[in-house]
>>> print(open('coords_12.tsv').read())   # TSV, C-alpha atoms
chain	number	residue	atom	x	y	z
A	289	MET	CA	-6.82	-1.09	-26.90
A	290	THR	CA	-8.28	1.89	-25.10
A	291	GLU	CA	-6.10	4.21	-27.15
A	292	THR	CA	-7.36	2.86	-30.44
A	293	VAL	CA	-10.92	3.60	-29.38
A	294	GLU	CA	-10.03	7.10	-28.18
A	295	ARG	CA	-8.46	8.07	-31.48
A	296	ARG	CA	-11.66	7.34	-33.32
A	297	LEU	CA	-13.94	9.36	-31.03
A	298	THR	CA	-15.67	12.51	-32.19
A	299	PRO	CA	-15.44	15.51	-29.82
A	300	LYS	CA	-18.97	14.70	-28.64
A	301	GLY	CA	-18.04	11.03	-28.15
A	302	GLU	CA	-14.98	12.02	-26.18
A	303	ALA	CA	-17.10	14.28	-23.97
A	304	THR	CA	-19.50	11.41	-23.24
A	305	ARG	CA	-16.61	9.04	-22.52
A	306	ASN	CA	-15.09	11.62	-20.15
A	307	ARG	CA	-18.44	12.10	-18.40
A	308	ILE	CA	-18.60	8.36	-17.76
A	309	LEU	CA	-15.00	8.33	-16.44
A	310	ASP	CA	-15.69	11.33	-14.17
A	311	ALA	CA	-18.76	9.59	-12.75
A	312	ALA	CA	-16.79	6.38	-12.17
A	313	ILE	CA	-13.96	8.26	-10.45
A	314	GLY	CA	-16.39	10.02	-8.11
A	315	LEU	CA	-18.14	6.78	-7.15
A	316	ILE	CA	-14.87	4.86	-6.69
A	317	ALA	CA	-13.53	7.63	-4.43
A	318	ALA	CA	-16.60	7.19	-2.23
A	319	HIS	CA	-17.14	3.42	-2.37
A	320	GLY	CA	-14.02	1.77	-3.78
A	321	VAL	CA	-13.84	-0.29	-6.96
A	322	ALA	CA	-15.61	-3.31	-5.46
A	323	GLY	CA	-18.40	-1.08	-4.11
A	324	THR	CA	-19.10	0.59	-7.47
A	325	SER	CA	-21.36	-1.03	-10.09
A	326	THR	CA	-21.57	-0.11	-13.76
A	327	GLU	CA	-25.29	0.58	-13.23
A	328	GLN	CA	-24.40	3.23	-10.62
A	329	VAL	CA	-21.86	4.74	-13.02
A	330	ARG	CA	-24.47	4.75	-15.81
A	331	GLN	CA	-26.97	6.61	-13.62
A	332	ALA	CA	-24.41	9.10	-12.28
A	333	ALA	CA	-23.17	9.86	-15.81
A	334	GLY	CA	-26.72	10.19	-17.14
A	335	VAL	CA	-26.16	7.86	-20.10
A	336	SER	CA	-28.11	4.90	-21.46
A	337	GLY	CA	-26.99	1.31	-21.06
A	338	SER	CA	-26.11	1.04	-24.74
A	339	GLN	CA	-24.07	4.27	-24.57
A	340	LEU	CA	-22.09	2.95	-21.60
A	341	TYR	CA	-21.55	-0.36	-23.42
A	342	HIS	CA	-20.39	1.51	-26.53
A	343	TYR	CA	-17.45	2.98	-24.61
A	344	PHE	CA	-16.79	0.25	-22.05
A	345	THR	CA	-17.97	-3.27	-22.77
A	346	THR	CA	-17.15	-4.53	-19.25
A	347	LYS	CA	-16.57	-3.13	-15.77
A	348	GLN	CA	-12.96	-4.26	-16.09
A	349	ALA	CA	-12.50	-2.17	-19.23
A	350	LEU	CA	-13.96	0.84	-17.39
A	351	ILE	CA	-11.65	0.29	-14.40
A	352	ARG	CA	-8.62	-0.01	-16.67
A	353	ALA	CA	-9.53	3.32	-18.28
A	354	VAL	CA	-9.96	4.92	-14.84
A	355	ILE	CA	-6.48	3.70	-13.80
A	356	THR	CA	-4.90	5.07	-17.00
A	357	ARG	CA	-6.70	8.42	-16.61
A	358	GLN	CA	-5.69	8.78	-12.94
A	359	ALA	CA	-2.10	7.68	-13.59
A	360	ASP	CA	-1.80	10.25	-16.39
A	361	ALA	CA	-3.66	13.19	-14.92
A	362	GLY	CA	-5.06	12.27	-11.49
A	363	PRO	CA	-3.99	13.56	-8.05
A	364	GLY	CA	-0.23	13.29	-7.59
A	365	ALA	CA	0.50	12.48	-11.23
A	366	PRO	CA	3.74	14.29	-12.04
A	367	ALA	CA	3.99	16.11	-15.37
A	368	PRO	CA	7.04	15.13	-17.45
A	369	GLY	CA	9.99	17.32	-16.48
A	370	ALA	CA	8.19	18.70	-13.45
A	371	LEU	CA	10.21	17.07	-10.66
A	372	ASP	CA	13.71	18.30	-11.53
A	373	SER	CA	14.68	20.20	-8.36
A	374	LEU	CA	14.65	19.58	-4.61
A	375	ASP	CA	12.05	22.34	-4.28
A	376	ALA	CA	9.82	20.67	-6.87
A	377	LEU	CA	10.12	17.30	-5.09
A	378	GLN	CA	9.29	19.00	-1.78
A	379	ALA	CA	6.19	20.63	-3.31
A	380	TRP	CA	5.08	17.25	-4.71
A	381	ALA	CA	5.51	15.69	-1.26
A	382	ASP	CA	3.69	18.58	0.45
A	383	ALA	CA	0.77	18.22	-1.96
A	384	ALA	CA	0.52	14.51	-1.11
A	385	VAL	CA	0.32	15.32	2.62
A	386	GLU	CA	-2.26	18.02	1.93
A	387	ARG	CA	-4.48	15.64	-0.05
A	388	GLN	CA	-4.32	13.24	2.88
A	389	GLU	CA	-5.48	15.94	5.26
A	390	GLY	CA	-8.67	16.44	3.27
A	391	THR	CA	-11.72	14.43	4.19
A	392	GLY	CA	-13.55	12.06	1.91
A	393	GLY	CA	-12.42	9.19	-0.26
A	394	ARG	CA	-9.79	9.22	-2.94
A	395	CYS	CA	-9.45	7.63	-6.33
A	396	ASP	CA	-5.79	8.13	-7.23
A	397	LEU	CA	-3.13	5.71	-8.45
A	398	SER	CA	-2.14	4.83	-4.85
A	399	THR	CA	-5.62	3.88	-3.67
A	400	LEU	CA	-6.40	2.03	-6.92
A	401	ALA	CA	-3.12	0.10	-6.64
A	402	ALA	CA	-3.92	-0.81	-3.04
A	403	GLU	CA	-7.41	-2.14	-3.71
A	404	LEU	CA	-6.45	-3.96	-6.90
A	405	SER	CA	-3.02	-5.24	-5.82
A	406	THR	CA	-4.29	-8.78	-5.39
A	407	GLY	CA	-6.75	-10.83	-7.35
A	408	ASP	CA	-7.48	-8.56	-10.28
A	409	ALA	CA	-4.82	-9.47	-12.82
A	410	SER	CA	-6.68	-7.61	-15.57
A	411	SER	CA	-5.92	-4.20	-14.04
A	412	ARG	CA	-2.40	-4.89	-12.84
A	413	GLY	CA	-0.92	-4.08	-16.25
A	414	GLU	CA	-2.41	-0.57	-16.20
A	415	ILE	CA	-1.28	0.01	-12.60
A	416	SER	CA	2.27	-1.14	-13.38
A	417	ALA	CA	2.30	1.05	-16.49
A	418	GLY	CA	1.15	4.02	-14.42
A	419	TYR	CA	3.86	3.49	-11.83
A	420	LEU	CA	6.52	3.01	-14.47
A	421	ARG	CA	5.48	6.34	-16.00
A	422	TRP	CA	5.75	8.10	-12.60
A	423	GLN	CA	9.08	6.38	-12.03
A	424	GLY	CA	10.22	7.67	-15.42
A	425	VAL	CA	9.31	11.25	-14.51
A	426	LEU	CA	11.16	10.90	-11.19
A	427	LEU	CA	14.23	9.39	-12.87
A	428	GLU	CA	14.23	12.17	-15.46
A	429	GLY	CA	14.07	14.82	-12.73
A	430	LEU	CA	16.68	13.15	-10.51
A	431	GLY	CA	18.95	12.70	-13.54
A	432	ALA	CA	18.66	16.41	-14.36
A	433	MET	CA	19.57	17.21	-10.74
A	434	ARG	CA	22.62	14.97	-10.92
A	435	ASP	CA	23.67	16.51	-14.25
A	436	ARG	CA	23.40	20.01	-12.79
A	437	GLY	CA	25.50	18.96	-9.80
A	438	VAL	CA	22.64	19.22	-7.29
A	439	LEU	CA	22.97	15.51	-6.52
A	440	ARG	CA	26.31	13.73	-6.15
A	441	PRO	CA	27.54	11.51	-9.03
A	442	ASP	CA	27.28	8.41	-6.79
A	443	ALA	CA	23.54	8.89	-6.12
A	444	ASP	CA	21.63	5.72	-7.13
A	445	LEU	CA	18.75	7.30	-9.03
A	446	ASP	CA	16.72	4.07	-9.35
A	447	GLU	CA	16.87	3.64	-5.60
A	448	LEU	CA	15.87	7.25	-4.94
A	449	ALA	CA	12.92	7.01	-7.34
A	450	HIS	CA	11.76	3.80	-5.64
A	451	ALA	CA	12.16	5.40	-2.21
A	452	LEU	CA	9.93	8.32	-3.24
A	453	LEU	CA	7.23	6.14	-4.84
A	454	THR	CA	7.11	3.64	-1.97
A	455	ALA	CA	6.83	6.56	0.48
A	456	LEU	CA	3.84	7.89	-1.45
A	457	GLN	CA	2.23	4.44	-1.64
A	458	GLY	CA	2.91	3.41	1.96
A	459	GLY	CA	1.98	6.84	3.29
A	460	SER	CA	-1.30	6.79	1.40
A	461	LEU	CA	-2.29	3.32	2.55
A	462	LEU	CA	-1.39	3.79	6.21
A	463	ALA	CA	-2.93	7.24	6.35
A	464	GLN	CA	-6.15	5.79	4.95
A	465	THR	CA	-6.07	2.78	7.27
A	466	LEU	CA	-5.30	4.77	10.42
A	467	GLY	CA	-7.40	7.82	9.46
A	468	SER	CA	-4.53	10.30	9.92
A	469	ALA	CA	-2.21	12.27	7.64
A	470	GLU	CA	0.77	11.61	9.96
A	471	PRO	CA	1.99	8.44	8.17
A	472	MET	CA	2.16	10.37	4.87
A	473	ARG	CA	3.93	13.30	6.54
A	474	ALA	CA	6.52	10.92	8.05
A	475	SER	CA	7.05	8.84	4.90
A	476	MET	CA	7.56	11.94	2.77
A	477	ARG	CA	9.94	13.59	5.25
A	478	SER	CA	11.94	10.38	5.42
A	479	ALA	CA	12.16	9.91	1.63
A	480	LEU	CA	13.00	13.58	1.00
A	481	ALA	CA	15.71	13.39	3.68
A	482	TYR	CA	17.13	10.35	1.89
A	483	VAL	CA	17.23	12.22	-1.43
A	484	ARG	CA	18.84	15.24	0.30
A	485	SER	CA	21.47	12.97	1.87
A	486	PHE	CA	22.86	12.62	-1.69
A	487	ALA	CA	22.94	16.39	-2.30
A	488	ALA	CA	26.31	17.69	-3.43
A	489	GLU	CA	26.07	20.53	-0.91
A	490	PRO	CA	25.08	19.17	2.53
A	491	GLY	CA	22.20	20.88	4.26
A	492	VAL	CA	20.22	21.98	1.22
B	280	MET	CA	-15.25	-11.29	20.35
B	281	THR	CA	-12.76	-13.68	18.86
B	282	GLU	CA	-10.85	-13.75	22.13
B	283	THR	CA	-13.90	-14.78	24.09
B	284	VAL	CA	-14.41	-17.73	21.77
B	285	GLU	CA	-10.76	-18.73	21.92
B	286	ARG	CA	-10.70	-18.84	25.69
B	287	ARG	CA	-13.49	-21.40	25.74
B	288	LEU	CA	-11.88	-23.76	23.23
B	289	THR	CA	-10.60	-27.17	24.21
B	290	PRO	CA	-7.11	-28.09	22.94
B	291	LYS	CA	-8.78	-30.15	20.20
B	292	GLY	CA	-11.07	-27.24	19.31
B	293	GLU	CA	-8.14	-24.88	19.14
B	294	ALA	CA	-6.30	-27.29	16.84
B	295	THR	CA	-9.30	-27.40	14.49
B	296	ARG	CA	-9.64	-23.63	14.56
B	297	ASN	CA	-5.93	-23.28	13.75
B	298	ARG	CA	-6.22	-25.79	10.91
B	299	ILE	CA	-8.99	-23.65	9.40
B	300	LEU	CA	-6.90	-20.49	9.79
B	301	ASP	CA	-3.84	-22.16	8.23
B	302	ALA	CA	-5.93	-23.28	5.26
B	303	ALA	CA	-7.39	-19.79	4.84
B	304	ILE	CA	-3.93	-18.16	5.01
B	305	GLY	CA	-2.57	-20.52	2.35
B	306	LEU	CA	-5.49	-19.87	0.00
B	307	ILE	CA	-5.41	-16.08	0.54
B	308	ALA	CA	-1.66	-16.04	-0.18
B	309	ALA	CA	-2.38	-17.69	-3.53
B	310	HIS	CA	-5.68	-16.05	-4.55
B	311	GLY	CA	-6.25	-12.98	-2.35
B	312	VAL	CA	-9.19	-12.46	0.01
B	313	ALA	CA	-11.69	-11.81	-2.79
B	314	GLY	CA	-10.55	-14.94	-4.64
B	315	THR	CA	-10.97	-17.23	-1.62
B	316	SER	CA	-14.34	-18.76	-0.71
B	317	THR	CA	-15.28	-20.32	2.62
B	318	GLU	CA	-16.08	-23.53	0.71
B	319	GLN	CA	-12.48	-23.68	-0.55
B	320	VAL	CA	-11.24	-23.09	3.00
B	321	ARG	CA	-13.54	-25.84	4.30
B	322	GLN	CA	-12.20	-28.35	1.76
B	323	ALA	CA	-8.53	-27.39	2.29
B	324	ALA	CA	-8.93	-27.67	6.07
B	325	GLY	CA	-10.77	-30.97	5.78
B	326	VAL	CA	-13.65	-29.95	8.06
B	327	SER	CA	-17.42	-30.17	7.69
B	328	GLY	CA	-19.61	-27.17	6.98
B	329	SER	CA	-21.02	-27.22	10.49
B	330	GLN	CA	-17.52	-27.37	11.99
B	331	LEU	CA	-16.45	-24.36	9.95
B	332	TYR	CA	-19.61	-22.50	10.98
B	333	HIS	CA	-18.97	-23.38	14.62
B	334	TYR	CA	-15.71	-21.40	14.59
B	335	PHE	CA	-16.49	-18.73	11.99
B	336	THR	CA	-20.11	-17.88	11.28
B	337	THR	CA	-19.25	-15.68	8.27
B	338	LYS	CA	-16.39	-15.17	5.81
B	339	GLN	CA	-15.88	-11.74	7.39
B	340	ALA	CA	-15.37	-13.30	10.83
B	341	LEU	CA	-12.82	-15.69	9.30
B	342	ILE	CA	-10.98	-12.84	7.56
B	343	ARG	CA	-10.90	-10.81	10.78
B	344	ALA	CA	-9.34	-13.80	12.59
B	345	VAL	CA	-6.77	-14.19	9.78
B	346	ILE	CA	-5.81	-10.51	10.10
B	347	THR	CA	-5.41	-10.79	13.88
B	348	ARG	CA	-3.36	-14.00	13.57
B	349	GLN	CA	-1.06	-12.52	10.89
B	350	ALA	CA	-0.67	-9.22	12.76
B	351	ASP	CA	0.29	-11.11	15.93
B	352	ALA	CA	2.47	-13.87	14.55
B	353	GLY	CA	2.60	-13.63	10.73
B	354	PRO	CA	5.56	-12.67	8.52
B	355	GLY	CA	7.16	-9.41	9.68
B	356	ALA	CA	5.26	-9.27	12.97
B	357	PRO	CA	7.74	-7.90	15.51
B	358	ALA	CA	7.87	-9.53	18.94
B	359	PRO	CA	7.48	-7.06	21.83
B	360	GLY	CA	10.89	-5.71	22.82
B	361	ALA	CA	12.52	-7.19	19.72
B	362	LEU	CA	13.31	-3.99	17.77
B	363	ASP	CA	15.42	-2.13	20.34
B	364	SER	CA	18.71	-1.67	18.45
B	365	LEU	CA	19.82	-0.45	15.03
B	366	ASP	CA	21.02	-3.98	14.26
B	367	ALA	CA	17.62	-5.43	15.17
B	368	LEU	CA	15.87	-2.88	12.92
B	369	GLN	CA	18.27	-3.70	10.10
B	370	ALA	CA	17.58	-7.43	10.50
B	371	TRP	CA	13.81	-6.75	10.42
B	372	ALA	CA	14.26	-4.71	7.23
B	373	ASP	CA	16.51	-7.36	5.64
B	374	ALA	CA	13.94	-10.04	6.39
B	375	ALA	CA	11.24	-7.96	4.66
B	376	VAL	CA	13.41	-7.68	1.53
B	377	GLU	CA	14.16	-11.41	1.66
B	378	ARG	CA	10.46	-12.31	1.85
B	379	GLN	CA	9.88	-10.14	-1.20
B	380	GLU	CA	12.57	-12.00	-3.13
B	381	GLY	CA	10.74	-15.27	-2.62
B	382	THR	CA	8.23	-16.36	-5.24
B	383	GLY	CA	4.56	-17.03	-4.64
B	384	GLY	CA	1.85	-15.03	-2.95
B	385	ARG	CA	1.85	-13.60	0.53
B	386	CYS	CA	-0.74	-13.26	3.25
B	387	ASP	CA	0.84	-10.85	5.72
B	388	LEU	CA	-0.46	-7.68	7.35
B	389	SER	CA	0.82	-5.53	4.45
B	390	THR	CA	-0.93	-7.48	1.70
B	391	LEU	CA	-4.13	-7.86	3.75
B	392	ALA	CA	-4.13	-4.10	4.45
B	393	ALA	CA	-3.67	-3.36	0.77
B	394	GLU	CA	-6.49	-5.55	-0.47
B	395	LEU	CA	-8.90	-4.54	2.28
B	396	SER	CA	-7.99	-0.84	2.50
B	397	THR	CA	-11.18	0.24	0.75
B	398	GLY	CA	-14.68	-1.03	0.91
B	399	ASP	CA	-14.47	-3.59	3.68
B	400	ALA	CA	-15.14	-1.59	6.83
B	401	SER	CA	-15.62	-4.76	8.89
B	402	SER	CA	-11.95	-5.70	8.67
B	403	ARG	CA	-10.45	-2.22	8.96
B	404	GLY	CA	-10.65	-2.33	12.76
B	405	GLU	CA	-8.48	-5.47	12.91
B	406	ILE	CA	-6.01	-4.03	10.42
B	407	SER	CA	-5.73	-0.77	12.36
B	408	ALA	CA	-5.31	-2.70	15.59
B	409	GLY	CA	-2.54	-4.79	13.99
B	410	TYR	CA	-0.69	-1.72	12.80
B	411	LEU	CA	-1.07	0.02	16.14
B	412	ARG	CA	0.47	-3.03	17.81
B	413	TRP	CA	3.44	-3.00	15.39
B	414	GLN	CA	3.75	0.75	15.91
B	415	GLY	CA	3.81	0.12	19.67
B	416	VAL	CA	6.65	-2.39	19.34
B	417	LEU	CA	8.60	0.06	17.16
B	418	LEU	CA	7.98	2.95	19.59
B	419	GLU	CA	9.07	0.78	22.50
B	420	GLY	CA	12.30	-0.18	20.71
B	421	LEU	CA	13.04	3.35	19.50
B	422	GLY	CA	12.36	4.68	23.00
B	423	ALA	CA	14.81	2.18	24.49
B	424	MET	CA	17.40	3.31	21.93
B	425	ARG	CA	16.86	6.94	22.86
B	426	ASP	CA	17.09	6.11	26.57
B	427	ARG	CA	20.40	4.28	26.01
B	428	GLY	CA	21.75	7.26	24.09
B	429	VAL	CA	21.80	5.44	20.74
B	430	LEU	CA	19.34	7.98	19.31
B	431	ARG	CA	19.52	11.71	20.00
B	432	PRO	CA	17.05	13.22	22.51
B	433	ASP	CA	15.45	15.30	19.72
B	434	ALA	CA	14.50	12.23	17.63
B	435	ASP	CA	10.74	12.25	16.90
B	436	LEU	CA	9.94	8.62	17.70
B	437	ASP	CA	6.38	8.76	16.34
B	438	GLU	CA	7.71	10.01	13.03
B	439	LEU	CA	10.44	7.35	12.88
B	440	ALA	CA	7.94	4.56	13.65
B	441	HIS	CA	5.62	5.86	10.89
B	442	ALA	CA	8.55	6.11	8.46
B	443	LEU	CA	9.46	2.44	9.09
B	444	LEU	CA	5.88	1.16	8.80
B	445	THR	CA	5.09	3.14	5.65
B	446	ALA	CA	8.34	1.87	4.11
B	447	LEU	CA	7.28	-1.70	4.81
B	448	GLN	CA	3.77	-1.10	3.46
B	449	GLY	CA	4.80	0.88	0.38
B	450	GLY	CA	7.70	-1.46	-0.38
B	451	SER	CA	5.42	-4.49	-0.13
B	452	LEU	CA	2.75	-3.05	-2.40
B	453	LEU	CA	5.08	-1.72	-5.09
B	454	ALA	CA	7.21	-4.85	-5.05
B	455	GLN	CA	4.07	-6.92	-5.57
B	456	THR	CA	2.72	-4.61	-8.29
B	457	LEU	CA	5.99	-4.37	-10.21
B	458	GLY	CA	7.10	-7.96	-9.55
B	459	SER	CA	10.49	-6.98	-8.12
B	460	ALA	CA	12.07	-6.77	-4.66
B	461	GLU	CA	13.82	-3.49	-5.55
B	462	PRO	CA	11.06	-1.17	-4.24
B	463	MET	CA	11.24	-2.91	-0.82
B	464	ARG	CA	15.04	-2.76	-0.80
B	465	ALA	CA	14.93	0.99	-1.57
B	466	SER	CA	12.15	1.81	0.91
B	467	MET	CA	13.91	-0.02	3.72
B	468	ARG	CA	17.30	1.54	2.98
B	469	SER	CA	15.69	4.96	2.93
B	470	ALA	CA	13.78	4.49	6.21
B	471	LEU	CA	16.77	2.96	8.01
B	472	ALA	CA	18.96	5.84	6.81
B	473	TYR	CA	16.38	8.25	8.24
B	474	VAL	CA	16.48	6.49	11.62
B	475	ARG	CA	20.29	6.49	11.54
B	476	SER	CA	20.32	10.22	10.77
B	477	PHE	CA	19.09	10.67	14.38
B	478	ALA	CA	21.85	8.47	15.84
B	479	ALA	CA	23.83	10.14	18.61
B	480	GLU	CA	27.07	8.98	16.98
B	481	PRO	CA	27.05	9.75	13.25
B	482	GLY	CA	27.92	6.93	10.90
B	483	VAL	CA	26.65	3.99	12.99
>>> encode(input="coords_12.tsv", output="structure tokens")
Amino acid sequence: MTETVERRLTPKGEATRNRILDAAIGLIAAHGVAGTSTEQVRQAAGVSGSQLYHYFTTKQALIRAVITRQADAGPGAPAPGALDSLDALQAWADAAVERQEGTGGRCDLSTLAAELSTGDASSRGEISAGYLRWQGVLLEGLGAMRDRGVLRPDADLDELAHALLTALQGGSLLAQTLGSAEPMRASMRSALAYVRSFAAEPGV
Amino acid sequence: MTETVERRLTPKGEATRNRILDAAIGLIAAHGVAGTSTEQVRQAAGVSGSQLYHYFTTKQALIRAVITRQADAGPGAPAPGALDSLDALQAWADAAVERQEGTGGRCDLSTLAAELSTGDASSRGEISAGYLRWQGVLLEGLGAMRDRGVLRPDADLDELAHALLTALQGGSLLAQTLGSAEPMRASMRSALAYVRSFAAEPGV
């Protein structure tokens, strides 16, 4: 539904819609989804109530658009074809640890998934879709590595993709809960070591 | 604070308090924290409003007590000294996968941490305390394994404990989001393989 609306927007309309999304993302990073009201988003974006309503008729519609935006282009979102070497995977993992070392709140797919994992069925579809897209990028990259002979033919790519995504999700949530980047550092080292244990040449 | 109250309870009072907690845990498993009201808990527990208030003056106090109960004795909670061998760790991981294969909602430390990771500062202390206790049990077990020569002297126990906890947390959240036990199976296999990569005898 969101896509249909986007296609019809003028450049000016798209700029306004993006301004609203940017404002929502900033507020959610600081206060979480539950702690962010549409009135706060309206004020932060500098739009009228009817403008906000024109783009997002409900808070749920706004949150769904935030999830889709962050899954597609937010922190940690892998570009298609980007994760097709052990070095690229390592850089992706290092970036996740680095984000965790920064102060302040976050509004990325991991934190959105955590807060909305229970109760809010309306946003679960967008979160699942976001994860399936990330999983697809990982599978594509791992498949390319196996085809090039970097990974052994017996590597279970689905399992490796899951191991990397759960490491990101678990690392993010525990790092946030315990106020330390160490859980993310450990989860990423562990998952990368698991991927490397299927390398055709040991010790890469 | 909760402990002080508990110490003063008569056996009958403790039974009532436990009945309230059991009712809350059942409702949270089905509807999440946000979707559970104290009135629903009161009805499910079969107590009066003043009885409920006697034990838990606010919903937040009730939720904090649920977190502490589930961290101490809920699904996945490791008993002190219990995780001191590779077989014991494997059994703990297998049980986590098995829980994920079951249908219906969950109210364990992982799902509580996910839902309450943002916004609700009042419960974060209990969640952190729960995780630190689990981490302590893991560190104790991993330390015993290193002392017995099962793990190599250079094994970083803090890192291994974090890797296991983040695997549990990430596996739980992604399994719930995607409606499949596969993420938990992959995260646990990956974390256990990482622990085993520090075994003194390769291939155990």
>>> closest_atom_pairs(input="coords_12.tsv", of="chain B", to="chain A", cutoff="7 Å", atoms="only C-alpha atoms", output="JSON lines")
{"residue": "B:His310", "atom": "CA", "partner": "A:Gly407", "partner_atom": "CA", "distance": 6.0}
{"residue": "B:Gly311", "atom": "CA", "partner": "A:Gly407", "partner_atom": "CA", "distance": 5.5}
{"residue": "B:Ala313", "atom": "CA", "partner": "A:Gly407", "partner_atom": "CA", "distance": 6.8}
{"residue": "B:Gly314", "atom": "CA", "partner": "A:Gly407", "partner_atom": "CA", "distance": 6.2}
{"residue": "B:Ala393", "atom": "CA", "partner": "A:Ala402", "partner_atom": "CA", "distance": 4.6}
{"residue": "B:Glu394", "atom": "CA", "partner": "A:Glu403", "partner_atom": "CA", "distance": 4.8}
{"residue": "B:Leu395", "atom": "CA", "partner": "A:Glu403", "partner_atom": "CA", "distance": 6.6}
{"residue": "B:Ser396", "atom": "CA", "partner": "A:Thr465", "partner_atom": "CA", "distance": 6.3}
{"residue": "B:Thr397", "atom": "CA", "partner": "A:Gly320", "partner_atom": "CA", "distance": 5.6}
{"residue": "B:Gly398", "atom": "CA", "partner": "A:Gly320", "partner_atom": "CA", "distance": 5.5}
{"residue": "B:Arg403", "atom": "CA", "partner": "A:Thr465", "partner_atom": "CA", "distance": 6.9}
{"residue": "B:Ser407", "atom": "CA", "partner": "A:Leu466", "partner_atom": "CA", "distance": 5.9}
{"residue": "B:Glu438", "atom": "CA", "partner": "A:Ala474", "partner_atom": "CA", "distance": 5.2}
{"residue": "B:His441", "atom": "CA", "partner": "A:Pro471", "partner_atom": "CA", "distance": 5.2}
{"residue": "B:Ala442", "atom": "CA", "partner": "A:Ser475", "partner_atom": "CA", "distance": 4.7}
{"residue": "B:Thr445", "atom": "CA", "partner": "A:Gly458", "partner_atom": "CA", "distance": 4.3}
{"residue": "B:Ala446", "atom": "CA", "partner": "A:Gly458", "partner_atom": "CA", "distance": 6.0}
{"residue": "B:Gln448", "atom": "CA", "partner": "A:Gly458", "partner_atom": "CA", "distance": 4.8}
{"residue": "B:Gly449", "atom": "CA", "partner": "A:Gly458", "partner_atom": "CA", "distance": 3.5}
{"residue": "B:Gly450", "atom": "CA", "partner": "A:Thr454", "partner_atom": "CA", "distance": 5.4}
{"residue": "B:Leu453", "atom": "CA", "partner": "A:Thr454", "partner_atom": "CA", "distance": 6.5}
{"residue": "B:Thr456", "atom": "CA", "partner": "A:Ser416", "partner_atom": "CA", "distance": 6.2}
{"residue": "B:Leu457", "atom": "CA", "partner": "A:Ser416", "partner_atom": "CA", "distance": 5.9}
{"residue": "B:Pro462", "atom": "CA", "partner": "A:His450", "partner_atom": "CA", "distance": 5.2}
{"residue": "B:Ala465", "atom": "CA", "partner": "A:Glu447", "partner_atom": "CA", "distance": 5.2}
{"residue": "B:Ser466", "atom": "CA", "partner": "A:Ala451", "partner_atom": "CA", "distance": 4.8}
{"residue": "B:Ser469", "atom": "CA", "partner": "A:Tyr482", "partner_atom": "CA", "distance": 5.7}
{"residue": "B:Ala470", "atom": "CA", "partner": "A:Ser478", "partner_atom": "CA", "distance": 6.2}
{"residue": "B:Ala472", "atom": "CA", "partner": "A:Tyr482", "partner_atom": "CA", "distance": 6.9}
{"residue": "B:Tyr473", "atom": "CA", "partner": "A:Ser478", "partner_atom": "CA", "distance": 5.7}
>>> atom_distance(input="coords_12.tsv", atom1="atom CA of A:Gly314", atom2="atom CA of A:Ala332")
9.1 Å
>>> atom_distance(input="coords_12.tsv", atom1="atom CA of B:Val326", atom2="atom CA of B:Glu293")
13.4 Å
>>> closest_residue(input="coords_12.tsv", among="B:Gly328, B:Arg427, B:Ala460, B:Gly381", to="B:Leu365", atoms="only C-alpha atoms")
B:Arg427
>>> residues_around(input="coords_12.tsv", residues="A:Arg307", least_positions_apart="4", cutoff="12 Å", atoms="only C-alpha atoms", output="ChimeraX atom specification")
/A:300-303,311-314,329-335,339-340,343,354
>>> closest_residue(input="coords_12.tsv", among="B:Ala374, B:Ala361, B:Cys386, B:Ala400", to="B:Leu300", atoms="only C-alpha atoms")
B:Cys386
>>> residues_around(input="coords_12.tsv", residues="A:Arg357", least_positions_apart="2", cutoff="10 Å", atoms="only C-alpha atoms", output="ChimeraX atom specification")
/A:306,309-310,313,351-355,359-362,365,396-397,414,418
>>> write_last_selection(input="coords_12.tsv", atoms="C-alpha atoms", output="PDB file, in the coordinates of the input")
ATOM      1  CA  ASN A 306     -15.090  11.620 -20.150  1.00  0.00           C
ATOM      2  CA  LEU A 309     -15.000   8.330 -16.440  1.00  0.00           C
ATOM      3  CA  ASP A 310     -15.690  11.330 -14.170  1.00  0.00           C
ATOM      4  CA  ILE A 313     -13.960   8.260 -10.450  1.00  0.00           C
ATOM      5  CA  ILE A 351     -11.650   0.290 -14.400  1.00  0.00           C
ATOM      6  CA  ARG A 352      -8.620  -0.010 -16.670  1.00  0.00           C
ATOM      7  CA  ALA A 353      -9.530   3.320 -18.280  1.00  0.00           C
ATOM      8  CA  VAL A 354      -9.960   4.920 -14.840  1.00  0.00           C
ATOM      9  CA  ILE A 355      -6.480   3.700 -13.800  1.00  0.00           C
ATOM     10  CA  ALA A 359      -2.100   7.680 -13.590  1.00  0.00           C
ATOM     11  CA  ASP A 360      -1.800  10.250 -16.390  1.00  0.00           C
ATOM     12  CA  ALA A 361      -3.660  13.190 -14.920  1.00  0.00           C
ATOM     13  CA  GLY A 362      -5.060  12.270 -11.490  1.00  0.00           C
ATOM     14  CA  ALA A 365       0.500  12.480 -11.230  1.00  0.00           C
ATOM     15  CA  ASP A 396      -5.790   8.130  -7.230  1.00  0.00           C
ATOM     16  CA  LEU A 397      -3.130   5.710  -8.450  1.00  0.00           C
ATOM     17  CA  GLU A 414      -2.410  -0.570 -16.200  1.00  0.00           C
ATOM     18  CA  GLY A 418       1.150   4.020 -14.420  1.00  0.00           C
TER      19      GLY A 418
END
